[in-house]
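Peer 1: Enclosed is the structure file target38.txt (compact mmCIF, C-alpha atoms).
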# COMPACT_ATOMS: atom_id res chain seq x y z
CA MET Q 15 0.00 0.00 0.00
CA SER Q 16 1.16 3.48 -0.82
CA LYS Q 17 2.85 5.27 2.07
CA THR Q 18 3.54 8.95 2.60
CA GLN Q 19 7.13 9.27 3.76
CA TYR Q 20 9.25 12.13 5.04
CA TYR Q 21 12.80 11.11 4.03
CA ALA Q 22 15.41 13.67 5.08
CA ALA Q 23 18.87 14.19 6.52
CA ALA Q 24 19.13 16.04 9.82
CA SER Q 25 21.78 17.01 12.33
CA LEU Q 26 21.81 15.21 15.68
CA ASP Q 27 20.17 18.29 17.17
CA GLY Q 28 17.28 18.28 14.72
CA PHE Q 29 18.05 20.71 11.92
CA ILE Q 30 17.78 20.01 8.19
CA ALA Q 31 19.71 23.11 7.07
CA THR Q 32 21.76 25.88 8.62
CA SER Q 33 20.24 29.33 9.02
CA ASP Q 34 22.04 30.46 5.82
CA HIS Q 35 20.81 27.42 3.84
CA SER Q 36 24.29 25.94 3.53
CA LEU Q 37 24.56 22.16 3.26
CA GLY Q 38 28.32 21.94 3.71
CA TRP Q 39 27.79 20.10 7.00
CA LEU Q 40 26.06 17.34 5.02
CA LEU Q 41 27.96 17.36 1.72
CA GLN Q 42 31.32 16.98 3.53
CA PHE Q 43 30.49 13.28 3.77
CA GLY Q 44 30.08 12.86 0.01
CA ASP Q 45 27.61 10.36 -1.38
CA PRO Q 46 27.39 7.51 1.10
CA GLU Q 47 28.09 4.29 -0.78
CA ASP Q 48 25.55 2.21 1.05
CA SER Q 49 22.81 4.81 1.19
CA SER Q 50 19.20 3.66 1.35
CA TYR Q 51 18.32 6.24 -1.29
CA PRO Q 52 18.40 4.05 -4.44
CA ALA Q 53 16.03 1.51 -2.91
CA PHE Q 54 13.88 4.29 -1.44
CA ILE Q 55 13.47 6.35 -4.63
CA ARG Q 56 12.58 3.28 -6.71
CA GLU Q 57 9.38 2.97 -4.68
CA VAL Q 58 8.42 6.65 -4.93
CA GLY Q 59 5.65 7.60 -7.37
CA ALA Q 60 5.20 11.30 -6.56
CA LEU Q 61 6.92 13.98 -4.49
CA ALA Q 62 6.06 17.19 -2.72
CA MET Q 63 8.34 19.96 -1.52
CA GLY Q 64 8.26 23.53 -0.27
CA ALA Q 65 9.45 26.55 -2.21
CA ARG Q 66 12.81 26.77 -0.44
CA THR Q 67 13.59 23.13 -1.07
CA TYR Q 68 12.72 23.62 -4.75
CA GLU Q 69 14.93 26.72 -4.98
CA TRP Q 70 17.79 24.87 -3.31
CA ILE Q 71 17.55 21.99 -5.79
CA VAL Q 72 17.41 24.38 -8.76
CA GLU Q 73 20.36 26.39 -7.49
CA HIS Q 74 22.59 23.52 -6.45
CA LEU Q 75 21.65 20.59 -8.66
CA VAL Q 76 20.09 22.03 -11.82
CA ASN Q 77 22.12 25.22 -12.26
CA PRO Q 78 25.29 24.66 -10.29
CA GLY Q 79 27.10 27.69 -11.77
CA GLY Q 80 30.07 27.51 -14.08
CA GLU Q 81 29.77 23.81 -14.80
CA ALA Q 82 27.72 22.14 -17.49
CA GLU Q 83 24.04 22.36 -16.67
CA SER Q 84 22.76 19.35 -14.83
CA SER Q 85 19.16 18.30 -15.00
CA TRP Q 86 16.19 18.02 -12.67
CA PRO Q 87 16.97 14.95 -10.57
CA TYR Q 88 13.51 13.33 -10.42
CA THR Q 89 11.47 11.44 -13.00
CA GLN Q 90 8.41 11.35 -10.74
CA PRO Q 91 5.86 14.18 -10.85
CA ALA Q 92 6.56 16.81 -8.18
CA TRP Q 93 4.21 19.22 -6.41
CA VAL Q 94 5.88 22.43 -5.21
CA PHE Q 95 4.08 24.46 -2.54
CA SER Q 96 4.71 28.15 -3.05
CA ARG Q 97 2.81 31.38 -2.40
CA GLY Q 98 4.79 33.27 -5.05
CA ALA Q 99 5.93 32.59 -8.60
CA LEU Q 100 8.95 30.34 -9.02
CA PRO Q 101 11.10 29.78 -12.12
CA VAL Q 102 10.09 26.79 -14.22
CA THR Q 103 12.78 24.15 -14.65
CA PRO Q 104 13.00 22.78 -18.21
CA GLY Q 105 12.39 19.07 -18.35
CA ALA Q 106 10.97 18.92 -14.84
CA ASP Q 107 7.51 17.48 -14.24
CA VAL Q 108 6.52 20.07 -11.63
CA ARG Q 109 3.13 21.47 -10.55
CA PHE Q 110 3.12 24.66 -8.48
CA VAL Q 111 0.44 24.67 -5.80
CA SER Q 112 -0.48 26.45 -2.58
CA GLY Q 113 -2.80 26.05 0.37
CA ASP Q 114 -4.27 22.91 1.87
CA VAL Q 115 -2.18 19.77 1.48
CA ARG Q 116 -5.20 17.40 1.38
CA PRO Q 117 -6.31 17.85 -2.24
CA VAL Q 118 -2.67 17.78 -3.30
CA HIS Q 119 -2.21 14.50 -1.44
CA GLU Q 120 -5.17 13.07 -3.41
CA GLU Q 121 -3.67 14.22 -6.69
CA MET Q 122 -0.32 12.75 -5.74
CA GLN Q 123 -1.90 9.41 -4.89
CA ALA Q 124 -3.76 9.35 -8.19
CA ALA Q 125 -0.50 10.02 -10.04
CA ALA Q 126 1.70 7.66 -8.03
CA GLY Q 127 0.16 4.44 -9.32
CA GLY Q 128 0.30 2.70 -5.98
CA LYS Q 129 3.87 3.80 -5.22
CA ASN Q 130 4.87 5.90 -2.22
CA LEU Q 131 4.66 9.66 -1.79
CA TRP Q 132 7.84 11.46 -0.72
CA ILE Q 133 7.66 14.66 1.27
CA VAL Q 134 11.11 16.04 0.41
CA GLY Q 135 10.95 19.01 2.82
CA GLY Q 136 10.99 21.33 4.53
CA GLY Q 137 9.95 20.45 8.01
CA ASP Q 138 6.85 22.59 8.11
CA LEU Q 139 5.46 21.02 4.94
CA ALA Q 140 5.97 17.56 6.46
CA GLY Q 141 4.23 18.95 9.54
CA GLN Q 142 1.24 20.06 7.45
CA PHE Q 143 0.85 16.54 6.07
CA HIS Q 144 1.10 15.21 9.63
CA ASP Q 145 -1.51 17.70 10.86
CA GLN Q 146 -3.98 16.18 8.41
CA GLY Q 147 -3.20 12.58 9.39
CA LEU Q 148 -1.48 11.98 6.07
CA LEU Q 149 2.08 11.15 7.16
CA ASP Q 150 2.92 7.46 7.56
CA GLU Q 151 6.69 7.27 8.07
CA LEU Q 152 9.75 9.30 8.96
CA ILE Q 153 13.05 8.10 7.52
CA ILE Q 154 15.74 10.35 8.97
CA GLN Q 155 19.45 10.18 8.24
CA VAL Q 156 20.83 11.51 11.50
CA THR Q 157 24.17 13.02 10.56
CA SER Q 158 27.12 13.13 12.97
CA VAL Q 159 27.09 16.88 13.48
CA THR Q 160 25.28 19.46 15.57
CA LEU Q 161 24.28 22.80 14.02
CA GLY Q 162 22.99 24.69 17.06
CA GLN Q 163 20.39 26.51 14.97
CA GLY Q 164 18.77 26.35 11.55
CA ALA Q 165 15.69 24.99 9.80
CA PRO Q 166 13.84 22.53 12.04
CA LEU Q 167 13.37 18.89 11.07
CA LEU Q 168 9.70 18.80 12.06
CA PRO Q 169 8.25 21.74 13.99
CA ARG Q 170 5.48 19.77 15.62
CA ALA Q 171 4.89 18.00 18.95
CA ILE Q 172 4.27 14.30 18.28
CA VAL Q 173 4.19 12.86 21.78
CA ASP Q 174 0.98 11.00 22.57
CA PRO Q 175 0.91 8.52 21.07
CA PRO Q 176 4.62 8.61 20.27
CA LEU Q 177 6.27 7.54 17.05
CA ARG Q 178 7.29 3.91 16.70
CA LEU Q 179 10.96 3.22 16.04
CA ILE Q 180 11.16 0.57 13.32
CA SER Q 181 14.89 0.40 12.68
CA ALA Q 182 18.24 2.10 13.30
CA THR Q 183 20.89 1.46 10.67
CA PRO Q 184 24.37 3.01 10.93
CA PHE Q 185 26.25 4.00 7.76
CA GLY Q 186 29.84 4.23 8.94
CA GLU Q 187 30.64 7.01 11.42
CA ALA Q 188 28.77 9.70 9.49
CA PHE Q 189 25.09 8.68 9.56
CA VAL Q 190 22.52 6.55 11.28
CA GLU Q 191 19.20 6.10 9.53
CA LEU Q 192 16.22 6.04 11.90
CA ARG Q 193 12.87 4.81 10.60
CA TYR Q 194 9.65 5.60 12.44
CA GLU Q 195 6.00 4.84 11.89
CA VAL Q 196 3.39 7.43 12.76
CA PRO Q 197 1.08 5.15 14.74
CA TRP Q 198 -2.04 7.15 15.39
CA LYS Q 199 -3.60 6.67 12.04
CA GLU Q 200 -5.45 3.49 11.23
CA ARG Q 201 -6.90 3.02 7.81
CA SER Q 202 -9.53 0.53 6.89
CA SER Q 203 -10.87 0.34 3.35
CA GLY Q 204 -9.67 3.81 2.51
CA GLU Q 205 -11.18 5.45 5.56
CA VAL Q 206 -9.02 7.50 7.91
CA ARG Q 207 -9.70 7.06 11.60
CA ILE Q 208 -7.77 9.06 14.13
CA SER Q 209 -7.25 7.50 17.55
CA VAL Q 210 -6.91 9.97 20.37
CA GLY Q 211 -4.63 9.05 23.25
CA THR Q 212 -5.78 9.36 26.82
CA GLY Q 213 -2.50 10.38 28.48
CA MET Y 25 41.16 6.56 31.03
CA SER Y 26 38.59 8.92 32.45
CA LYS Y 27 36.16 10.30 29.90
CA THR Y 28 33.85 13.29 30.09
CA GLN Y 29 30.45 12.20 28.83
CA TYR Y 30 27.22 13.98 28.05
CA TYR Y 31 24.57 11.30 28.67
CA ALA Y 32 21.04 12.55 28.03
CA ALA Y 33 17.65 11.74 26.55
CA ALA Y 34 16.43 13.91 23.69
CA SER Y 35 13.53 14.04 21.30
CA LEU Y 36 14.13 13.14 17.65
CA ASP Y 37 14.14 16.87 16.90
CA GLY Y 38 16.85 17.68 19.43
CA PHE Y 39 15.19 18.87 22.63
CA ILE Y 40 15.91 17.63 26.14
CA ALA Y 41 12.87 19.25 27.76
CA THR Y 42 9.72 21.04 26.71
CA SER Y 43 9.49 24.81 27.08
CA ASP Y 44 7.54 24.34 30.33
CA HIS Y 45 10.10 21.83 31.72
CA SER Y 46 7.68 18.92 31.54
CA LEU Y 47 9.15 15.45 31.05
CA GLY Y 48 5.88 13.66 30.39
CA TRP Y 49 7.03 12.95 26.82
CA LEU Y 50 9.91 10.94 28.28
CA LEU Y 51 8.36 9.46 31.41
CA GLN Y 52 5.44 7.95 29.43
CA PHE Y 53 7.83 5.17 28.49
CA GLY Y 54 8.56 4.22 32.10
CA ASP Y 55 11.95 2.88 33.08
CA PRO Y 56 13.33 1.03 30.09
CA GLU Y 57 14.23 -2.48 31.23
CA ASP Y 58 17.35 -2.79 29.16
CA SER Y 59 18.63 0.74 29.67
CA SER Y 60 22.34 1.38 29.45
CA TYR Y 61 22.10 3.48 32.61
CA PRO Y 62 23.16 0.91 35.24
CA ALA Y 63 26.36 0.09 33.35
CA PHE Y 64 26.95 3.77 32.59
CA ILE Y 65 26.52 5.09 36.13
CA ARG Y 66 28.81 2.40 37.60
CA GLU Y 67 31.70 4.00 35.69
CA VAL Y 68 30.90 7.58 36.74
CA GLY Y 69 33.06 9.17 39.44
CA ALA Y 70 31.74 12.74 39.42
CA LEU Y 71 28.94 14.73 37.88
CA ALA Y 72 28.15 18.26 36.82
CA MET Y 73 24.82 19.90 36.09
CA GLY Y 74 23.23 23.29 35.60
CA ALA Y 75 20.88 24.97 38.04
CA ARG Y 76 17.71 24.02 36.19
CA THR Y 77 18.68 20.36 36.04
CA TYR Y 78 19.41 20.43 39.78
CA GLU Y 79 16.07 22.09 40.51
CA TRP Y 80 14.25 19.54 38.36
CA ILE Y 81 15.89 16.64 40.22
CA VAL Y 82 15.07 18.19 43.61
CA GLU Y 83 11.48 18.85 42.63
CA HIS Y 84 10.74 15.55 40.90
CA LEU Y 85 13.01 12.99 42.53
CA VAL Y 86 13.90 14.31 45.99
CA ASN Y 87 10.67 16.10 46.95
CA PRO Y 88 7.98 14.58 44.76
CA GLY Y 89 5.12 16.05 46.77
CA GLY Y 90 2.65 14.07 48.85
CA GLU Y 91 4.60 10.83 48.79
CA ALA Y 92 7.33 9.73 51.15
CA GLU Y 93 10.43 11.80 50.61
CA SER Y 94 12.85 10.15 48.24
CA SER Y 95 16.55 10.84 48.38
CA TRP Y 96 19.21 12.40 46.21
CA PRO Y 97 19.81 9.79 43.50
CA TYR Y 98 23.61 9.98 43.19
CA THR Y 99 26.40 8.73 45.42
CA GLN Y 100 29.07 10.48 43.37
CA PRO Y 101 30.07 14.07 44.16
CA ALA Y 102 28.13 16.59 42.06
CA TRP Y 103 29.05 20.11 40.93
CA VAL Y 104 26.07 22.38 40.32
CA PHE Y 105 26.61 25.51 38.21
CA SER Y 106 24.44 28.34 39.40
CA ARG Y 107 24.60 32.13 39.51
CA GLY Y 108 22.13 32.35 42.37
CA ALA Y 109 21.58 30.53 45.65
CA LEU Y 110 19.95 27.12 45.48
CA PRO Y 111 18.43 25.03 48.28
CA VAL Y 112 20.80 22.49 49.79
CA THR Y 113 19.61 18.89 49.58
CA PRO Y 114 20.19 16.86 52.77
CA GLY Y 115 22.42 13.89 52.16
CA ALA Y 116 23.57 15.11 48.78
CA ASP Y 117 27.28 15.53 48.06
CA VAL Y 118 26.88 18.76 46.10
CA ARG Y 119 29.19 21.71 45.47
CA PHE Y 120 27.68 24.92 44.09
CA VAL Y 121 29.96 26.66 41.61
CA SER Y 122 29.80 29.26 38.86
CA GLY Y 123 31.89 30.57 35.99
CA ASP Y 124 34.58 28.81 33.97
CA VAL Y 125 34.14 25.06 33.63
CA ARG Y 126 37.89 24.34 33.38
CA PRO Y 127 38.85 24.51 37.07
CA VAL Y 128 35.70 22.58 37.93
CA HIS Y 129 36.67 19.91 35.42
CA GLU Y 130 40.03 19.60 37.19
CA GLU Y 131 38.34 19.27 40.57
CA MET Y 132 35.99 16.67 39.17
CA GLN Y 133 38.85 14.65 37.74
CA ALA Y 134 40.69 14.76 41.04
CA ALA Y 135 37.59 13.49 42.84
CA ALA Y 136 36.59 10.85 40.29
CA GLY Y 137 39.48 8.47 41.00
CA GLY Y 138 39.97 7.60 37.34
CA LYS Y 139 36.28 7.11 36.66
CA ASN Y 140 34.28 9.06 34.12
CA LEU Y 141 32.75 12.52 34.46
CA TRP Y 142 29.07 12.88 33.63
CA ILE Y 143 27.67 16.15 32.32
CA VAL Y 144 24.02 15.61 33.27
CA GLY Y 145 22.73 18.74 31.48
CA GLY Y 146 21.54 21.07 30.31
CA GLY Y 147 22.71 21.50 26.77
CA ASP Y 148 24.51 24.79 27.27
CA LEU Y 149 26.60 23.38 30.13
CA ALA Y 150 27.63 20.47 27.90
CA GLY Y 151 28.42 23.08 25.25
CA GLN Y 152 30.67 24.97 27.68
CA PHE Y 153 32.68 21.81 28.33
CA HIS Y 154 32.87 21.25 24.58
CA ASP Y 155 34.02 24.84 24.01
CA GLN Y 156 37.03 24.13 26.22
CA GLY Y 157 37.90 20.86 24.49
CA LEU Y 158 36.80 18.89 27.54
CA LEU Y 159 33.94 16.80 26.13
CA ASP Y 160 34.85 13.28 24.97
CA GLU Y 161 31.57 11.52 24.24
CA LEU Y 162 27.88 12.09 23.63
CA ILE Y 163 25.53 9.28 24.64
CA ILE Y 164 22.04 10.30 23.55
CA GLN Y 165 18.85 8.34 24.03
CA VAL Y 166 16.88 9.54 21.03
CA THR Y 167 13.27 9.16 22.10
CA SER Y 168 10.47 8.41 19.63
CA VAL Y 169 8.78 11.78 19.88
CA THR Y 170 9.15 15.25 18.45
CA LEU Y 171 8.61 18.28 20.67
CA GLY Y 172 8.75 21.12 18.14
CA GLN Y 173 10.35 23.47 20.67
CA GLY Y 174 12.04 23.35 24.06
CA ALA Y 175 15.47 23.21 25.68
CA PRO Y 176 18.12 22.38 23.06
CA LEU Y 177 20.22 19.22 23.30
CA LEU Y 178 23.49 20.99 22.51
CA PRO Y 179 23.33 24.58 21.28
CA ARG Y 180 26.64 24.47 19.41
CA ALA Y 181 27.81 23.86 15.83
CA ILE Y 182 30.05 20.79 15.76
CA VAL Y 183 30.61 20.25 12.06
CA ASP Y 184 34.26 20.25 11.08
CA PRO Y 185 35.50 17.83 12.04
CA PRO Y 186 32.20 16.08 12.66
CA LEU Y 187 31.37 13.76 15.52
CA ARG Y 188 32.11 10.08 15.09
CA LEU Y 189 29.19 7.69 15.42
CA ILE Y 190 30.33 4.74 17.53
CA SER Y 191 27.12 2.78 17.94
CA ALA Y 192 23.35 2.88 17.51
CA THR Y 193 21.39 0.61 19.83
CA PRO Y 194 17.58 0.44 19.71
CA PHE Y 195 15.61 -0.20 22.91
CA GLY Y 196 12.25 -1.37 21.63
CA GLU Y 197 10.16 1.18 19.75
CA ALA Y 198 10.72 3.96 22.26
CA PHE Y 199 14.45 4.75 22.16
CA VAL Y 200 17.61 4.40 20.17
CA GLU Y 201 20.87 5.16 21.96
CA LEU Y 202 23.44 6.93 19.78
CA ARG Y 203 27.04 7.10 20.97
CA TYR Y 204 29.46 9.62 19.49
CA GLU Y 205 33.08 10.49 20.05
CA VAL Y 206 34.19 14.10 19.85
CA PRO Y 207 37.18 13.54 17.55
CA TRP Y 208 39.04 16.81 17.48
CA LYS Y 209 40.80 16.44 20.75
CA GLU Y 210 43.93 14.34 21.02
CA ARG Y 211 45.55 13.87 24.35
CA SER Y 212 49.04 12.67 24.94
CA SER Y 213 50.46 12.38 28.43
CA GLY Y 214 47.86 14.70 29.87
CA GLU Y 215 48.41 17.45 27.33
CA VAL Y 216 45.47 18.71 25.32
CA ARG Y 217 46.12 19.42 21.67
CA ILE Y 218 43.38 20.81 19.51
CA SER Y 219 43.48 19.95 15.82
CA VAL Y 220 41.94 22.60 13.59
CA GLY Y 221 40.16 21.39 10.46
CA THR Y 222 40.91 22.94 7.06
CA GLY Y 223 37.39 22.75 5.56
Will you turn the file into C-alpha cells for me?
Peer 2:
Amino acid sequence: MSKTQYYAAASLDGFIATSDHSLGWLLQFGDPEDSSYPAFIREVGALAMGARTYEWIVEHLVNPGGEAESSWPYTQPAWVFSRGALPVTPGADVRFVSGDVRPVHEEMQAAAGGKNLWIVGGGDLAGQFHDQGLLDELIIQVTSVTLGQGAPLLPRAIVDPPLRLISATPFGEAFVELRYEVPWKERSSGEVRISVGTG
Amino acid sequence: MSKTQYYAAASLDGFIATSDHSLGWLLQFGDPEDSSYPAFIREVGALAMGARTYEWIVEHLVNPGGEAESSWPYTQPAWVFSRGALPVTPGADVRFVSGDVRPVHEEMQAAAGGKNLWIVGGGDLAGQFHDQGLLDELIIQVTSVTLGQGAPLLPRAIVDPPLRLISATPFGEAFVELRYEVPWKERSSGEVRISVGTG
C-alpha cells in the first residue's frame, strides 16, 4: 500500500539546514556508498516539496554555476508548494500549488500508481501533512554533526501517542538512519480514523 | 582513562525538555528495562549539572510532593553551576559553583578516582565543556517523539571535524541510543592538543 514518507537528513540536534541554507555540513560526507536512497526512490511515485527546497535543488543541482548544466533529478511528478511565482525548470515534471495539502495529497496518490509519496521538505510542509493525518513514516538520516540553529526537522509536537521506532541502521561514522511509523492513524478500506490518546 | 560524557535523553528533533520543563514525553515510556544506565553510572566518578537540572531533580526525585520523601539519587560528588543561591539537599554531596568550567573539570577529575565525568545537562553546560575541548563523548537516548520546541540538546555547531558515530542501539520502539566520540581532541600524556580542520 502506498505510504507517505518524510525522508530527510538532519543534524543530531534536529536541523535540516543551517540558518544560511548551507549544506556543507552534510555534503562533507560525500555520497554515502551504502545509502538507502536508491532503494527508497525506486518505490516513490510522486513527491512534494516547499518553495525553499525547490529553490535549493534548482540552485545547487540544476544550475550549479560555471559547470555544465545538470538536470532536474527526479522522474516522478513533483508538487511544489509556493505562495509566489517560481522559475520553471525545463524538463521537470513540476506542478506549483499552494494552500491545503489534502487535495494535493489526493492528486499525488492518483499520479503515483500505488507507489509511495515522498515529502522532500521542509519540516513545516511535512508537519502540514502530519496535521492532516497523512504522514505514515519518517526516515531520517541523523548526521554526525550538531548545528545549534537552523531549519527545524519537524516543527510539531508528536508525543501521545509517540512515534514507533522501526529500525536504526548506521552507515559508517557519518550517519545513522532512523525509521519511524506514525502510529495514530489506522486506515480501513480507505477510511481514515484518528485514535486519540488518553494520556 | 577517564572520559567526560554527556549522557542525556532527547527528542528526535533535538530537545531535552519542553518549554515548560515537563518530562511527560519521556516518562510515558517508564523505566526502560534494558537501559544502558546501570552500566553507565557504575563508571561515573563525578557529575556536573546546571541549576535548572538540579532544581528539576530536587522537585521531581527528591521532593515529589505528597509521597514519602525520596533521596538524592547519586552517590558520586556533584558540581552544580548556578549564579544564584539554590536550596541544599540533605544527604547530597553537592558543590555549588559558577563561571569557567575548566577549574571545575580539574576538581571533578581529582575526585573521580579515574572514573568518568558525567555532564548531566543542560545543553549549554555540555556546550561549555565542549568549548574548552573537555567533552569526549555524547551518549544520547533519542526518544520516539518530536517536541517542536524546548530546551536544546546541545546549542553548538560541531561540524568540522564532525562527531564520530560509535554505535546505535535500539531499545524497543521507544528509544535508540546513539554514541558519538568528539574527535578533534587528542591527548598525549595529559596534554590537550586541539586539531583545527581545514574545511
Peer 1: Just to confirm, what's the straight-line distance from CA of Arg203 in chain Y to CA of Tyr31 in chain Y in Å (one decimal)?
Peer 2: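 Taking CA of Arg203 in chain Y and CA of Tyr31 in chain Y, their separation equals 9.1 Å.
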Peer 1: Find the residues near range 146-156 of chain Y: any atom within 9 Å, counting only C-alpha atoms, skip ones fewer than 3 places away on the same chain, and give them as a list in words.
Peer 2: Thr28, Gln29, Tyr30, Ala32, Phe39, Ile40, Ala72, Met73, Gly74, Ala75, Arg76, Thr77, Phe105, Asp124, Val125, Arg126, His129, Ile143, Leu159, Asp160, Ala175, Pro176, Leu177, Leu178, Pro179, Arg180 and Val206 of chain Y
Peer 1: Okay, now the selection with C-alpha atoms, as a short mmCIF file (atom, residue, chain, number, x, y, z; two decimals), in the frame of the given file?
Peer 2:
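selection_2.cif, written as the output of this step:
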data_model
loop_
_atom_site.label_atom_id
_atom_site.label_comp_id
_atom_site.auth_asym_id
_atom_site.auth_seq_id
_atom_site.Cartn_x
_atom_site.Cartn_y
_atom_site.Cartn_z
CA THR Y 28 33.85 13.29 30.09
CA GLN Y 29 30.45 12.20 28.83
CA TYR Y 30 27.22 13.98 28.05
CA ALA Y 32 21.04 12.55 28.03
CA PHE Y 39 15.19 18.87 22.63
CA ILE Y 40 15.91 17.63 26.14
CA ALA Y 72 28.15 18.26 36.82
CA MET Y 73 24.82 19.90 36.09
CA GLY Y 74 23.23 23.29 35.60
CA ALA Y 75 20.88 24.97 38.04
CA ARG Y 76 17.71 24.02 36.19
CA THR Y 77 18.68 20.36 36.04
CA PHE Y 105 26.61 25.51 38.21
CA ASP Y 124 34.58 28.81 33.97
CA VAL Y 125 34.14 25.06 33.63
CA ARG Y 126 37.89 24.34 33.38
CA HIS Y 129 36.67 19.91 35.42
CA ILE Y 143 27.67 16.15 32.32
CA LEU Y 159 33.94 16.80 26.13
CA ASP Y 160 34.85 13.28 24.97
CA ALA Y 175 15.47 23.21 25.68
CA PRO Y 176 18.12 22.38 23.06
CA LEU Y 177 20.22 19.22 23.30
CA LEU Y 178 23.49 20.99 22.51
CA PRO Y 179 23.33 24.58 21.28
CA ARG Y 180 26.64 24.47 19.41
CA VAL Y 206 34.19 14.10 19.85
#
Peer 1: Could you state the separation of CA of Asp55 in chain Y and CA of Leu189 in chain Y in Å, given to one decimal place?
Peer 2: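 Rounded to one decimal, the two atoms are 25.1 Å apart.
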Peer 1: Compute the set of chain Q residues within 6 Å of chain Y, using all atoms listed in the file, and express it as a list of chain:residue names.
Peer 2: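 Taking all atoms listed in the file into account, Q:Asp27, Q:Gly28, Q:Trp39, Q:Ser158, Q:Val159, Q:Thr160, Q:Leu161, Q:Gly162, Q:Pro169, Q:Arg170, Q:Ala171, Q:Ile172, Q:Val173, Q:Pro176, Q:Leu177, Q:Arg178, Q:Leu179, Q:Glu187 sit within 6 Å of chain Y.
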Peer 1: Distance cut-off 12 Å, centre (-1.8, 4.4, -7.8) in file coordinates, counting all atoms listed in the file: which residues qualify? Return them as a list of chain:residue names.
Peer 2: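 Taken together, the residues in range are Q:Met15, Q:Ser16, Q:Lys17, Q:Glu57, Q:Val58, Q:Gly59, Q:Ala60, Q:His119, Q:Glu120, Q:Glu121, Q:Met122, Q:Gln123, Q:Ala124, Q:Ala125, Q:Ala126, Q:Gly127, Q:Gly128, Q:Lys129, Q:Asn130, Q:Leu131.
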Peer 1: May I ask for the distance between CA of Pro111 in chain Y and CA of Ala41 in chain Y, given in Å to one decimal place?
Peer 2: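 So the answer is 22.0 Å.
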Peer 1: Quick one: residues within 8 Å of Pro91 in chain Q, all atoms listed in the file counted, chain neighbours fewer than 2 positions away excluded, as an NGL selection string?
Peer 2: :Q and (59-61 or 88-89 or 93 or 107-109 or 125)
